[in-house]
$ cat work-v7.cif   # mmCIF, C-alpha atoms and all ligand atoms
data_entry
#
loop_
_atom_site.label_atom_id
_atom_site.label_comp_id
_atom_site.auth_asym_id
_atom_site.auth_seq_id
_atom_site.Cartn_x
_atom_site.Cartn_y
_atom_site.Cartn_z
CA MET A 1 30.83 -65.10 37.01
CA ILE A 2 33.57 -63.02 38.62
CA LYS A 3 36.97 -64.61 38.10
CA PRO A 4 39.43 -64.42 40.99
CA ASP A 5 41.79 -62.20 38.99
CA TYR A 6 39.08 -59.68 38.16
CA PRO A 7 39.51 -56.15 39.58
CA SER A 8 38.52 -55.66 43.17
CA VAL A 9 37.35 -52.49 44.86
CA LEU A 10 36.51 -51.76 48.49
CA LEU A 11 33.69 -49.25 48.84
CA ILE A 12 33.74 -47.36 52.14
CA TYR A 13 30.56 -45.48 52.95
CA THR A 14 31.07 -42.74 55.56
CA GLY A 15 27.78 -40.89 54.98
CA GLY A 16 26.80 -37.66 53.25
CA THR A 17 24.07 -36.74 50.80
CA ILE A 18 24.86 -39.60 48.42
CA GLY A 19 23.32 -42.09 50.87
CA MET A 20 20.48 -39.96 52.16
CA ILE A 21 16.74 -40.15 51.89
CA GLU A 22 14.07 -37.56 52.66
CA ASN A 23 12.19 -37.93 55.94
CA ARG A 24 8.57 -37.72 54.79
CA GLU A 25 7.44 -35.94 57.96
CA THR A 26 10.16 -33.34 58.45
CA GLY A 27 11.47 -33.04 54.89
CA ALA A 28 15.04 -33.26 56.26
CA LEU A 29 17.64 -35.49 54.62
CA GLU A 30 18.65 -38.46 56.79
CA ALA A 31 21.17 -41.23 56.22
CA PHE A 32 19.84 -44.60 55.17
CA ASN A 33 21.20 -48.10 55.19
CA PHE A 34 24.04 -48.94 52.80
CA ASP A 35 22.18 -52.00 51.47
CA GLN A 36 19.57 -49.59 50.16
CA LEU A 37 22.31 -47.61 48.47
CA LEU A 38 23.29 -50.69 46.47
CA GLU A 39 19.62 -51.34 45.70
CA ASN A 40 19.47 -47.89 44.20
CA VAL A 41 22.44 -48.57 41.92
CA PRO A 42 21.68 -51.95 40.34
CA GLU A 43 24.22 -50.98 37.64
CA LEU A 44 26.98 -51.94 40.10
CA LYS A 45 26.08 -55.57 39.62
CA ARG A 46 27.01 -55.24 35.94
CA PHE A 47 30.67 -54.57 36.74
CA ASN A 48 32.73 -57.71 36.44
CA TYR A 49 34.46 -56.63 39.63
CA ARG A 50 34.60 -57.92 43.13
CA ILE A 51 33.06 -55.03 45.05
CA SER A 52 33.02 -55.29 48.83
CA SER A 53 31.78 -52.65 51.19
CA TYR A 54 32.28 -51.22 54.63
CA GLN A 55 29.78 -48.88 56.23
CA PHE A 56 30.31 -46.32 59.00
CA ASN A 57 27.74 -47.03 61.67
CA PRO A 58 26.08 -44.61 62.02
CA PRO A 59 26.88 -42.83 58.76
CA ILE A 60 27.87 -39.21 59.39
CA ASP A 61 27.23 -35.86 57.83
CA SER A 62 30.72 -34.79 56.82
CA SER A 63 30.44 -31.73 59.09
CA ASP A 64 31.15 -34.27 61.85
CA MET A 65 34.31 -35.59 60.17
CA GLU A 66 37.39 -35.42 62.39
CA PRO A 67 40.95 -36.79 62.66
CA THR A 68 39.92 -39.90 64.62
CA LEU A 69 37.69 -40.84 61.68
CA TRP A 70 40.52 -40.16 59.21
CA ALA A 71 42.55 -42.63 61.29
CA LYS A 72 39.66 -45.09 61.06
CA LEU A 73 39.65 -44.73 57.25
CA VAL A 74 43.41 -45.30 57.13
CA LYS A 75 43.01 -48.36 59.34
CA ILE A 76 40.34 -49.82 57.03
CA ILE A 77 42.46 -49.16 53.92
CA SER A 78 45.64 -50.44 55.53
CA TYR A 79 43.95 -53.61 56.83
CA ASN A 80 42.51 -54.37 53.36
CA TYR A 81 45.39 -53.00 51.32
CA GLU A 82 46.67 -56.26 49.84
CA ASN A 83 43.19 -57.61 49.08
CA PHE A 84 41.91 -54.85 46.81
CA ASP A 85 43.10 -53.02 43.69
CA GLY A 86 41.56 -49.75 44.77
CA PHE A 87 39.36 -47.96 47.28
CA VAL A 88 36.34 -45.69 46.85
CA ILE A 89 35.24 -43.57 49.79
CA LEU A 90 31.70 -42.18 49.74
CA HIS A 91 31.82 -38.97 51.72
CA GLY A 92 29.77 -35.82 52.24
CA THR A 93 30.97 -33.02 50.03
CA ASP A 94 31.27 -30.37 52.74
CA THR A 95 34.58 -31.56 54.22
CA MET A 96 35.66 -33.96 51.48
CA ALA A 97 38.64 -31.77 50.53
CA TYR A 98 39.93 -31.87 54.15
CA THR A 99 39.65 -35.67 54.28
CA ALA A 100 41.32 -36.06 50.88
CA SER A 101 44.20 -33.81 51.96
CA ALA A 102 44.63 -35.60 55.28
CA LEU A 103 44.62 -39.06 53.68
CA SER A 104 47.19 -37.98 51.09
CA PHE A 105 49.66 -37.43 53.97
CA MET A 106 48.56 -40.38 56.11
CA LEU A 107 48.93 -42.98 53.33
CA GLU A 108 52.64 -42.67 52.63
CA ASN A 109 53.98 -44.50 49.54
CA LEU A 110 50.48 -45.17 48.27
CA SER A 111 50.53 -47.37 45.16
CA LYS A 112 46.76 -47.90 44.79
CA PRO A 113 43.91 -45.49 44.00
CA VAL A 114 41.89 -43.99 46.86
CA ILE A 115 39.00 -42.11 45.24
CA LEU A 116 36.63 -39.94 47.27
CA THR A 117 33.26 -39.11 45.83
CA GLY A 118 29.77 -38.09 46.88
CA SER A 119 26.91 -36.19 45.38
CA GLN A 120 24.83 -33.04 45.58
CA LEU A 121 21.54 -34.96 45.25
CA PRO A 122 20.79 -38.21 47.13
CA ILE A 123 21.27 -41.36 45.08
CA GLY A 124 17.57 -42.26 45.38
CA VAL A 125 16.52 -39.04 43.65
CA LEU A 126 15.80 -39.33 39.91
CA ARG A 127 18.17 -36.56 38.81
CA THR A 128 20.95 -37.67 41.14
CA ASP A 129 24.57 -37.00 40.26
CA GLY A 130 25.54 -39.77 42.71
CA LYS A 131 25.22 -42.75 40.37
CA GLU A 132 27.55 -41.33 37.75
CA ASN A 133 30.07 -40.25 40.38
CA LEU A 134 30.00 -43.65 42.09
CA ILE A 135 30.20 -45.79 38.95
CA THR A 136 33.05 -43.79 37.40
CA SER A 137 34.96 -43.69 40.71
CA ILE A 138 34.80 -47.48 40.88
CA GLU A 139 36.08 -47.76 37.33
CA ILE A 140 38.99 -45.40 38.08
CA ALA A 141 39.80 -47.22 41.34
CA ALA A 142 40.13 -50.46 39.37
CA ALA A 143 42.03 -49.07 36.36
CA LYS A 144 45.45 -50.56 35.73
CA HIS A 145 48.31 -50.24 33.25
CA PRO A 146 49.08 -53.35 31.16
CA ASP A 147 51.87 -54.20 33.63
CA GLY A 148 49.28 -54.45 36.42
CA THR A 149 50.18 -51.25 38.28
CA ALA A 150 47.44 -48.74 39.16
CA ILE A 151 46.87 -45.88 36.74
CA VAL A 152 46.07 -43.43 39.55
CA PRO A 153 48.05 -44.33 42.69
CA GLU A 154 46.86 -41.21 44.51
CA VAL A 155 44.20 -39.91 46.88
CA CYS A 156 41.77 -38.14 44.54
CA ILE A 157 38.35 -36.57 44.43
CA PHE A 158 36.15 -37.57 41.52
CA PHE A 159 33.20 -35.30 40.94
CA GLU A 160 31.16 -34.37 37.87
CA ASN A 161 33.52 -35.53 35.14
CA HIS A 162 36.79 -34.50 36.75
CA LEU A 163 39.35 -36.50 38.64
CA LEU A 164 41.29 -34.09 40.86
CA ARG A 165 44.30 -34.53 43.12
CA GLY A 166 42.72 -34.62 46.58
CA ASN A 167 45.11 -32.26 48.34
CA ARG A 168 44.68 -29.63 45.58
CA THR A 169 40.90 -29.58 45.72
CA THR A 170 38.35 -27.22 47.27
CA LYS A 171 34.56 -27.30 47.40
CA ILE A 172 33.37 -24.18 45.61
CA ASN A 173 29.67 -24.66 44.98
CA ALA A 174 26.77 -25.58 47.26
CA GLU A 175 24.28 -25.72 44.40
CA ASN A 176 25.73 -27.04 41.15
CA PHE A 177 26.78 -30.59 40.40
CA ASN A 178 30.18 -29.22 39.43
CA ALA A 179 31.09 -28.59 43.07
CA PHE A 180 34.88 -28.98 43.24
CA ARG A 181 37.86 -27.20 41.74
CA SER A 182 41.60 -27.67 41.70
CA TYR A 183 42.74 -24.17 40.82
CA ASN A 184 46.47 -24.68 40.91
CA TYR A 185 46.90 -28.15 39.47
CA PRO A 186 45.30 -29.64 36.34
CA ALA A 187 42.74 -32.44 36.45
CA LEU A 188 44.28 -35.94 36.51
CA ALA A 189 41.53 -37.21 34.22
CA THR A 190 38.50 -35.86 32.38
CA VAL A 191 35.52 -38.07 31.83
CA GLY A 192 33.27 -37.96 28.80
CA ILE A 193 32.69 -40.83 26.43
CA HIS A 194 36.15 -41.98 27.46
CA ILE A 195 38.14 -41.54 30.64
CA LYS A 196 41.09 -39.45 29.48
CA TYR A 197 43.96 -39.77 31.92
CA GLU A 198 46.65 -37.08 32.02
CA TYR A 199 49.42 -39.59 32.57
CA ASP A 200 52.21 -37.04 32.99
CA LYS A 201 50.26 -35.21 35.73
CA ILE A 202 49.60 -38.32 37.79
CA ARG A 203 51.99 -39.12 40.61
CA LYS A 204 54.30 -42.11 39.96
CA ALA A 205 54.17 -44.75 42.63
CA GLU A 206 57.07 -46.82 43.84
CA PRO A 207 55.35 -50.22 43.99
CA ASN A 208 58.27 -51.88 45.72
CA VAL A 209 58.15 -49.54 48.69
CA PRO A 210 55.45 -50.71 51.13
CA MET A 211 52.60 -48.35 51.97
CA HIS A 212 53.20 -46.77 55.36
CA PRO A 213 50.04 -45.73 57.25
CA HIS A 214 50.13 -42.84 59.72
CA TYR A 215 47.48 -42.19 62.36
CA ALA A 216 48.60 -39.36 64.62
CA PHE A 217 47.28 -35.80 64.50
CA ASP A 218 47.62 -32.74 66.71
CA THR A 219 44.81 -30.25 66.25
CA ASN A 220 46.33 -27.28 68.11
CA VAL A 221 46.03 -25.14 65.00
CA VAL A 222 43.94 -22.21 63.83
CA ILE A 223 43.07 -20.44 60.59
CA LEU A 224 43.46 -16.66 60.83
CA THR A 225 41.92 -14.76 57.91
CA LEU A 226 43.02 -11.13 57.50
CA PHE A 227 40.53 -8.36 56.72
CA PRO A 228 40.75 -4.56 56.69
CA GLY A 229 40.08 -3.37 60.25
CA ILE A 230 41.35 -6.49 62.02
CA GLN A 231 42.10 -5.57 65.66
CA GLU A 232 45.27 -6.08 67.67
CA ASN A 233 43.49 -7.49 70.73
CA ILE A 234 41.76 -10.13 68.63
CA VAL A 235 44.95 -11.17 66.81
CA SER A 236 46.82 -11.15 70.13
CA ASN A 237 44.18 -13.31 71.82
CA ILE A 238 44.29 -15.85 69.01
CA LEU A 239 48.09 -16.03 69.00
CA HIS A 240 48.15 -16.38 72.80
CA THR A 241 45.65 -19.24 72.83
CA PRO A 242 47.05 -21.79 75.33
CA GLY A 243 48.51 -24.78 73.49
CA LEU A 244 48.46 -23.15 70.05
CA LYS A 245 51.21 -24.64 67.86
CA ALA A 246 50.50 -23.52 64.29
CA VAL A 247 48.56 -20.89 62.35
CA VAL A 248 47.34 -20.86 58.76
CA LEU A 249 47.50 -17.15 57.95
CA LYS A 250 45.20 -16.24 55.05
CA THR A 251 46.72 -13.10 53.58
CA TYR A 252 45.89 -10.89 50.62
CA GLY A 253 46.94 -11.37 46.98
CA SER A 254 50.42 -12.80 46.60
CA GLY A 255 50.86 -13.14 50.36
CA ASN A 256 50.53 -9.57 51.64
CA ALA A 257 49.54 -8.36 55.11
CA PRO A 258 49.26 -5.05 57.01
CA GLN A 259 52.59 -3.33 57.73
CA LYS A 260 51.41 -2.01 61.10
CA GLU A 261 54.05 -2.33 63.81
CA TRP A 262 51.72 -4.19 66.20
CA PHE A 263 50.81 -6.78 63.61
CA ILE A 264 54.38 -7.71 62.68
CA ARG A 265 55.34 -7.68 66.40
CA GLN A 266 52.53 -10.08 67.28
CA LEU A 267 53.62 -12.50 64.52
CA SER A 268 57.32 -12.26 65.46
CA GLU A 269 56.57 -12.95 69.13
CA ALA A 270 54.49 -15.98 68.14
CA THR A 271 57.12 -17.50 65.84
CA GLU A 272 59.83 -16.87 68.45
CA LYS A 273 57.74 -18.92 70.91
CA GLY A 274 57.79 -21.78 68.35
CA ILE A 275 54.36 -21.28 66.77
CA VAL A 276 54.62 -22.20 63.08
CA ILE A 277 52.86 -19.61 60.87
CA VAL A 278 52.16 -20.51 57.24
CA ASN A 279 51.13 -17.87 54.72
CA ILE A 280 48.54 -18.75 52.11
CA SER A 281 46.53 -16.40 49.95
CA GLN A 282 42.84 -15.62 50.15
CA CYS A 283 42.93 -15.78 46.33
CA GLN A 284 42.07 -19.22 44.96
CA THR A 285 44.53 -19.11 42.08
CA GLY A 286 48.21 -18.24 42.17
CA MET A 287 51.15 -18.48 44.50
CA VAL A 288 52.32 -16.72 47.66
CA GLU A 289 55.48 -14.74 46.83
CA MET A 290 56.52 -13.01 50.00
CA ALA A 291 59.62 -11.46 48.46
CA ARG A 292 57.54 -9.55 45.91
CA TYR A 293 56.29 -6.63 48.05
CA GLU A 294 57.63 -4.82 51.10
CA THR A 295 54.64 -6.11 53.13
CA GLY A 296 55.57 -9.70 52.32
CA LEU A 297 59.24 -9.15 53.20
CA GLN A 298 58.20 -8.05 56.67
CA LEU A 299 56.38 -11.36 57.10
CA ILE A 300 59.56 -13.27 56.18
CA ASP A 301 61.43 -11.24 58.83
CA ALA A 302 58.70 -12.16 61.34
CA GLY A 303 59.43 -15.86 60.72
CA VAL A 304 56.33 -16.59 58.61
CA ILE A 305 56.83 -19.31 56.00
CA SER A 306 55.17 -19.70 52.61
CA GLY A 307 52.40 -22.16 51.83
CA TYR A 308 53.06 -21.49 48.12
CA ASP A 309 49.89 -22.30 46.13
CA SER A 310 48.41 -24.80 48.62
CA THR A 311 44.75 -24.88 49.52
CA VAL A 312 43.72 -24.01 53.07
CA GLU A 313 42.47 -27.59 53.56
CA CYS A 314 45.87 -28.90 52.59
CA VAL A 315 47.98 -26.60 54.78
CA LEU A 316 45.74 -27.13 57.80
CA THR A 317 45.79 -30.93 57.58
CA LYS A 318 49.51 -31.03 56.77
CA LEU A 319 50.27 -28.97 59.89
CA MET A 320 48.06 -31.20 62.06
CA PHE A 321 49.74 -34.27 60.55
CA LEU A 322 53.28 -32.99 61.13
CA LEU A 323 52.46 -31.75 64.65
CA GLY A 324 51.14 -35.23 65.40
CA HIS A 325 54.63 -36.59 64.77
CA ASN A 326 56.15 -34.59 67.62
CA LEU A 327 58.56 -32.72 65.35
CA THR A 328 60.26 -29.54 66.53
CA PRO A 329 59.00 -26.22 65.07
CA ARG A 330 62.15 -26.09 62.96
CA GLU A 331 61.53 -29.61 61.58
CA ILE A 332 57.90 -28.75 60.85
CA ARG A 333 58.96 -25.62 58.97
CA ASN A 334 61.37 -27.72 56.88
CA GLU A 335 58.68 -30.33 56.11
CA MET A 336 56.24 -27.56 55.13
CA ARG A 337 58.76 -26.51 52.46
CA ARG A 338 58.86 -30.07 51.12
CA SER A 339 56.11 -31.49 48.93
CA LEU A 340 55.03 -34.76 50.59
CA ALA A 341 52.22 -35.73 48.21
CA GLY A 342 52.28 -33.26 45.32
CA GLU A 343 50.41 -30.68 47.41
CA PHE A 344 52.04 -27.52 46.05
CA THR A 345 53.87 -26.24 43.00
CA ARG A 346 57.56 -25.58 43.46
CA PRO A 347 58.20 -21.86 42.91
CA LYS A 348 60.51 -20.99 40.02
CA LEU A 349 63.82 -19.71 41.35
N1 LIG B 1 26.07 -32.00 54.46
C1 LIG B 1 26.48 -33.03 53.53
C2 LIG B 1 27.82 -33.57 53.97
O1 LIG B 1 28.83 -32.98 53.71
C3 LIG B 1 26.55 -32.49 52.15
C4 LIG B 1 26.94 -33.49 51.11
O2 LIG B 1 27.02 -34.68 51.33
O3 LIG B 1 27.18 -33.08 49.99
O4 LIG B 1 27.85 -34.61 54.60
#

$ encode --input "work-v7.cif" --output "structure tokens" --more "lines below"
Ligand code: ASP
Amino acid sequence: MIKPDYPSVLLIYTGGTIGMIENRETGALEAFNFDQLLENVPELKRFNYRISSYQFNPPIDSSDMEPTLWAKLVKIISYNYENFDGFVILHGTDTMAYTASALSFMLENLSKPVILTGSQLPIGVLRTDGKENLITSIEIAAAKHPDGTAIVPEVCIFFENHLLRGNRTTKINAENFNAFRSYNYPALATVGIHIKYEYDKIRKAEPNVPMHPHYAFDTNVVILTLFPGIQENIVSNILHTPGLKAVVLKTYGSGNAPQKEWFIRQLSEATEKGIVIVNISQCQTGMVEMARYETGLQLIDAGVISGYDSTVECVLTKLMFLLGHNLTPREIRNEMRRSLAGEFTRPKL
């Protein structure tokens, strides 16, 4: 029997491969009912936990994830916050890193685990990776220190033996079970026979400060990836998009971009109009250092700010989150230089 003081976890099923089944006629994967998901994981009944669930109706492929649904997730977590020790969100892998990043900013002062997981093979398939991911995520969501505080009070992605900080994570593989990486921050836990937590890498919560949920987003943003041969009229058209407020500029190497006069002029004109431009690298590993090369220095002069070693998912969602709070461009630039949820590494001075 489950005692009232036993760990409690709320399982939120948004959709994705983990809950899918093959349509016998078309061969396509389609979402199935959450009750069937539990039927396929009878092991869950062996936990001495109180596990409750909430299902998106209809479940979505994560390609359809959007800020209104992030707000819905925050509402569900916020509404149930006091009643559960932790939360597990079942989510399609394709946009899981965006959702994890967004939630890390929306759930301010989080003191409980919010673990996103999914799978590459549906949970009803014999070789599924979903069962392992789900069972371990539940265990992590319920894990506490002897003093009763959560071991991992963060928004994380758990996938194939690794617990990663959500806003540091990127999907890198459409085939293998090992689908996610956090290139610029170590894993928070590694799972083998034991779950080995990296206690000094895990964010410390302030349990006495109440969790503050945020809901607003402004999606007037764009990702602009540089490539050799990029044309002025195309860059100009993007930067003159009506309503555009922020740009994630994906540059080369340690934050380098063409030195052409037209390019720097286009960026300067945009930043002068109040468009916030954040520089992140097309390289997965390493940090933007704009002061390192002449090309980077020109970007600083054009008003471009550094995204340091953030992922594209993180910078994009952070900009949308900050824009949603009606801050001035100057305030947004200041907040982008501040780590809100451990999303970038502070550069050494
Ligand atoms: N297309 C699916 C989704 O992201 C893939 C997955 O679940 O892994 O919803």

$ residues_near_ligand --input "work-v7.cif" --ligand "ligand LIG 1 (chain B)" --cutoff "12 Å" --atoms "all atoms listed in the file" --output "VMD selection string"
chain A and resid 13 to 21 28 to 31 59 to 65 90 to 99 116 to 123 128 to 130 159 171 to 180

$ closest_residue --input "work-v7.cif" --among "A:Tyr79, A:Lys273, A:Ile300, A:Gly255" --to "Val288 of chain A" --atoms "all atoms listed in the file"
A:Gly255

$ residues_around --input "work-v7.cif" --residues "His162 of chain A" --least-positions-apart "5" --cutoff "10 Å" --atoms "all atoms listed in the file" --output "PyMOL selection string"
chain A and resi 133+156-157+178+180-182+186-192+195-196

$ write_last_selection --input "work-v7.cif" --atoms "C-alpha atoms" --output "PDB file, in the frame of the given file"
ATOM      1  CA  ASN A 133      30.070 -40.250  40.380  1.00  0.00           C
ATOM      2  CA  CYS A 156      41.770 -38.140  44.540  1.00  0.00           C
ATOM      3  CA  ILE A 157      38.350 -36.570  44.430  1.00  0.00           C
ATOM      4  CA  ASN A 178      30.180 -29.220  39.430  1.00  0.00           C
ATOM      5  CA  PHE A 180      34.880 -28.980  43.240  1.00  0.00           C
ATOM      6  CA  ARG A 181      37.860 -27.200  41.740  1.00  0.00           C
ATOM      7  CA  SER A 182      41.600 -27.670  41.700  1.00  0.00           C
ATOM      8  CA  PRO A 186      45.300 -29.640  36.340  1.00  0.00           C
ATOM      9  CA  ALA A 187      42.740 -32.440  36.450  1.00  0.00           C
ATOM     10  CA  LEU A 188      44.280 -35.940  36.510  1.00  0.00           C
ATOM     11  CA  ALA A 189      41.530 -37.210  34.220  1.00  0.00           C
ATOM     12  CA  THR A 190      38.500 -35.860  32.380  1.00  0.00           C
ATOM     13  CA  VAL A 191      35.520 -38.070  31.830  1.00  0.00           C
ATOM     14  CA  GLY A 192      33.270 -37.960  28.800  1.00  0.00           C
ATOM     15  CA  ILE A 195      38.140 -41.540  30.640  1.00  0.00           C
ATOM     16  CA  LYS A 196      41.090 -39.450  29.480  1.00  0.00           C
TER      17      LYS A 196
END

$ atom_distance --input "work-v7.cif" --atom1 "atom CA of Gln266 of chain A" --atom2 "atom CA of Gly324 of chain A"
25.3 Å

$ residues_around --input "work-v7.cif" --residues "Asn220 of chain A" --least-positions-apart "3" --cutoff "8 Å" --atoms "all atoms listed in the file" --output "list of chain:residue names"
A:Gly243, A:Leu244, A:Lys245, A:Ala246, A:Met320

$ closest_residue --input "work-v7.cif" --among "A:Asp200, A:Glu343, A:Glu25, A:Glu66" --to "Ser310 of chain A" --atoms "all atoms listed in the file"
A:Glu343

$ residues_around --input "work-v7.cif" --residues "Leu239 of chain A" --least-positions-apart "5" --cutoff "12 Å" --atoms "all atoms listed in the file" --output "PyMOL selection string"
chain A and resi 220-224+232-234+244-249+263+265-277

$ residues_around --input "work-v7.cif" --residues "segment 145-150 of chain A" --least-positions-apart "5" --cutoff "7 Å" --atoms "all atoms listed in the file" --output "list in words"
Ser111, Lys112 and Pro113 of chain A

$ closest_residue --input "work-v7.cif" --among "A:Glu154, A:Glu261, A:Glu43, A:Glu160" --to "Leu110 of chain A" --atoms "only C-alpha atoms"
A:Glu154

$ closest_residue --input "work-v7.cif" --among "A:Ile140, A:Ile12, A:Ala102, A:Leu44" --to "Ile89 of chain A" --atoms "only C-alpha atoms"
A:Ile12

$ atom_distance --input "work-v7.cif" --atom1 "atom CA of Phe217 of chain A" --atom2 "atom CA of Glu313 of chain A"
14.5 Å

$ atom_distance --input "work-v7.cif" --atom1 "atom CA of Phe227 of chain A" --atom2 "atom CA of Thr251 of chain A"
8.4 Å

$ closest_residue --input "work-v7.cif" --among "A:Val155, A:Met287, A:Met106, A:Leu340" --to "Ser137 of chain A" --atoms "all atoms listed in the file"
A:Val155

$ build_atoms --input "work-v7.cif" --residues "segment 126-133 of chain A" --atoms "all heavy atoms" --output "mmCIF file, in the frame of the given file"
data_model
loop_
_atom_site.group_PDB
_atom_site.id
_atom_site.type_symbol
_atom_site.label_atom_id
_atom_site.label_comp_id
_atom_site.auth_asym_id
_atom_site.auth_seq_id
_atom_site.Cartn_x
_atom_site.Cartn_y
_atom_site.Cartn_z
ATOM 1 N N LEU A 126 15.705 -39.038 41.348
ATOM 2 C CA LEU A 126 15.800 -39.330 39.910
ATOM 3 C C LEU A 126 16.952 -38.601 39.213
ATOM 4 O O LEU A 126 17.693 -39.188 38.436
ATOM 5 C CB LEU A 126 14.456 -38.939 39.265
ATOM 6 C CG LEU A 126 14.074 -39.671 37.988
ATOM 7 C CD1 LEU A 126 14.107 -41.177 38.182
ATOM 8 C CD2 LEU A 126 12.683 -39.215 37.531
ATOM 9 N N ARG A 127 17.127 -37.324 39.510
ATOM 10 C CA ARG A 127 18.170 -36.560 38.810
ATOM 11 C C ARG A 127 19.527 -36.642 39.514
ATOM 12 O O ARG A 127 20.391 -35.807 39.317
ATOM 13 C CB ARG A 127 17.753 -35.086 38.718
ATOM 14 C CG ARG A 127 16.743 -34.801 37.639
ATOM 15 C CD ARG A 127 16.640 -33.311 37.329
ATOM 16 N NE ARG A 127 16.455 -32.482 38.506
ATOM 17 C CZ ARG A 127 17.401 -31.688 39.017
ATOM 18 N NH1 ARG A 127 18.576 -31.603 38.447
ATOM 19 N NH2 ARG A 127 17.158 -30.967 40.085
ATOM 20 N N THR A 128 19.723 -37.626 40.334
ATOM 21 C CA THR A 128 20.950 -37.670 41.140
ATOM 22 C C THR A 128 22.230 -37.630 40.305
ATOM 23 O O THR A 128 22.285 -38.198 39.213
ATOM 24 C CB THR A 128 20.987 -38.932 42.035
ATOM 25 O OG1 THR A 128 22.133 -38.841 42.883
ATOM 26 C CG2 THR A 128 21.076 -40.213 41.229
ATOM 27 N N ASP A 129 23.232 -36.960 40.856
ATOM 28 C CA ASP A 129 24.570 -37.000 40.260
ATOM 29 C C ASP A 129 25.388 -38.125 40.924
ATOM 30 O O ASP A 129 26.506 -38.409 40.511
ATOM 31 C CB ASP A 129 25.289 -35.656 40.468
ATOM 32 C CG ASP A 129 25.234 -35.157 41.921
ATOM 33 O OD1 ASP A 129 24.272 -35.491 42.641
ATOM 34 O OD2 ASP A 129 26.160 -34.437 42.330
ATOM 35 N N GLY A 130 24.804 -38.782 41.929
ATOM 36 C CA GLY A 130 25.540 -39.770 42.710
ATOM 37 C C GLY A 130 25.891 -41.033 41.940
ATOM 38 O O GLY A 130 26.977 -41.583 42.098
ATOM 39 N N LYS A 131 24.972 -41.480 41.084
ATOM 40 C CA LYS A 131 25.220 -42.750 40.370
ATOM 41 C C LYS A 131 26.438 -42.631 39.476
ATOM 42 O O LYS A 131 27.322 -43.482 39.481
ATOM 43 C CB LYS A 131 24.014 -43.087 39.485
ATOM 44 C CG LYS A 131 22.923 -43.793 40.218
ATOM 45 C CD LYS A 131 21.938 -44.349 39.231
ATOM 46 C CE LYS A 131 20.752 -44.913 39.986
ATOM 47 N NZ LYS A 131 19.801 -45.574 39.120
ATOM 48 N N GLU A 132 26.447 -41.555 38.690
ATOM 49 C CA GLU A 132 27.550 -41.330 37.750
ATOM 50 C C GLU A 132 28.869 -41.222 38.525
ATOM 51 O O GLU A 132 29.876 -41.824 38.139
ATOM 52 C CB GLU A 132 27.267 -40.000 37.023
ATOM 53 C CG GLU A 132 27.954 -39.857 35.699
ATOM 54 C CD GLU A 132 27.551 -40.972 34.769
ATOM 55 O OE1 GLU A 132 26.344 -41.235 34.648
ATOM 56 O OE2 GLU A 132 28.474 -41.591 34.200
ATOM 57 N N ASN A 133 28.843 -40.452 39.593
ATOM 58 C CA ASN A 133 30.070 -40.250 40.380
ATOM 59 C C ASN A 133 30.563 -41.581 40.962
ATOM 60 O O ASN A 133 31.755 -41.890 40.934
ATOM 61 C CB ASN A 133 29.831 -39.253 41.518
ATOM 62 C CG ASN A 133 29.695 -37.824 41.001
ATOM 63 O OD1 ASN A 133 30.030 -37.555 39.856
ATOM 64 N ND2 ASN A 133 29.206 -36.927 41.841
#
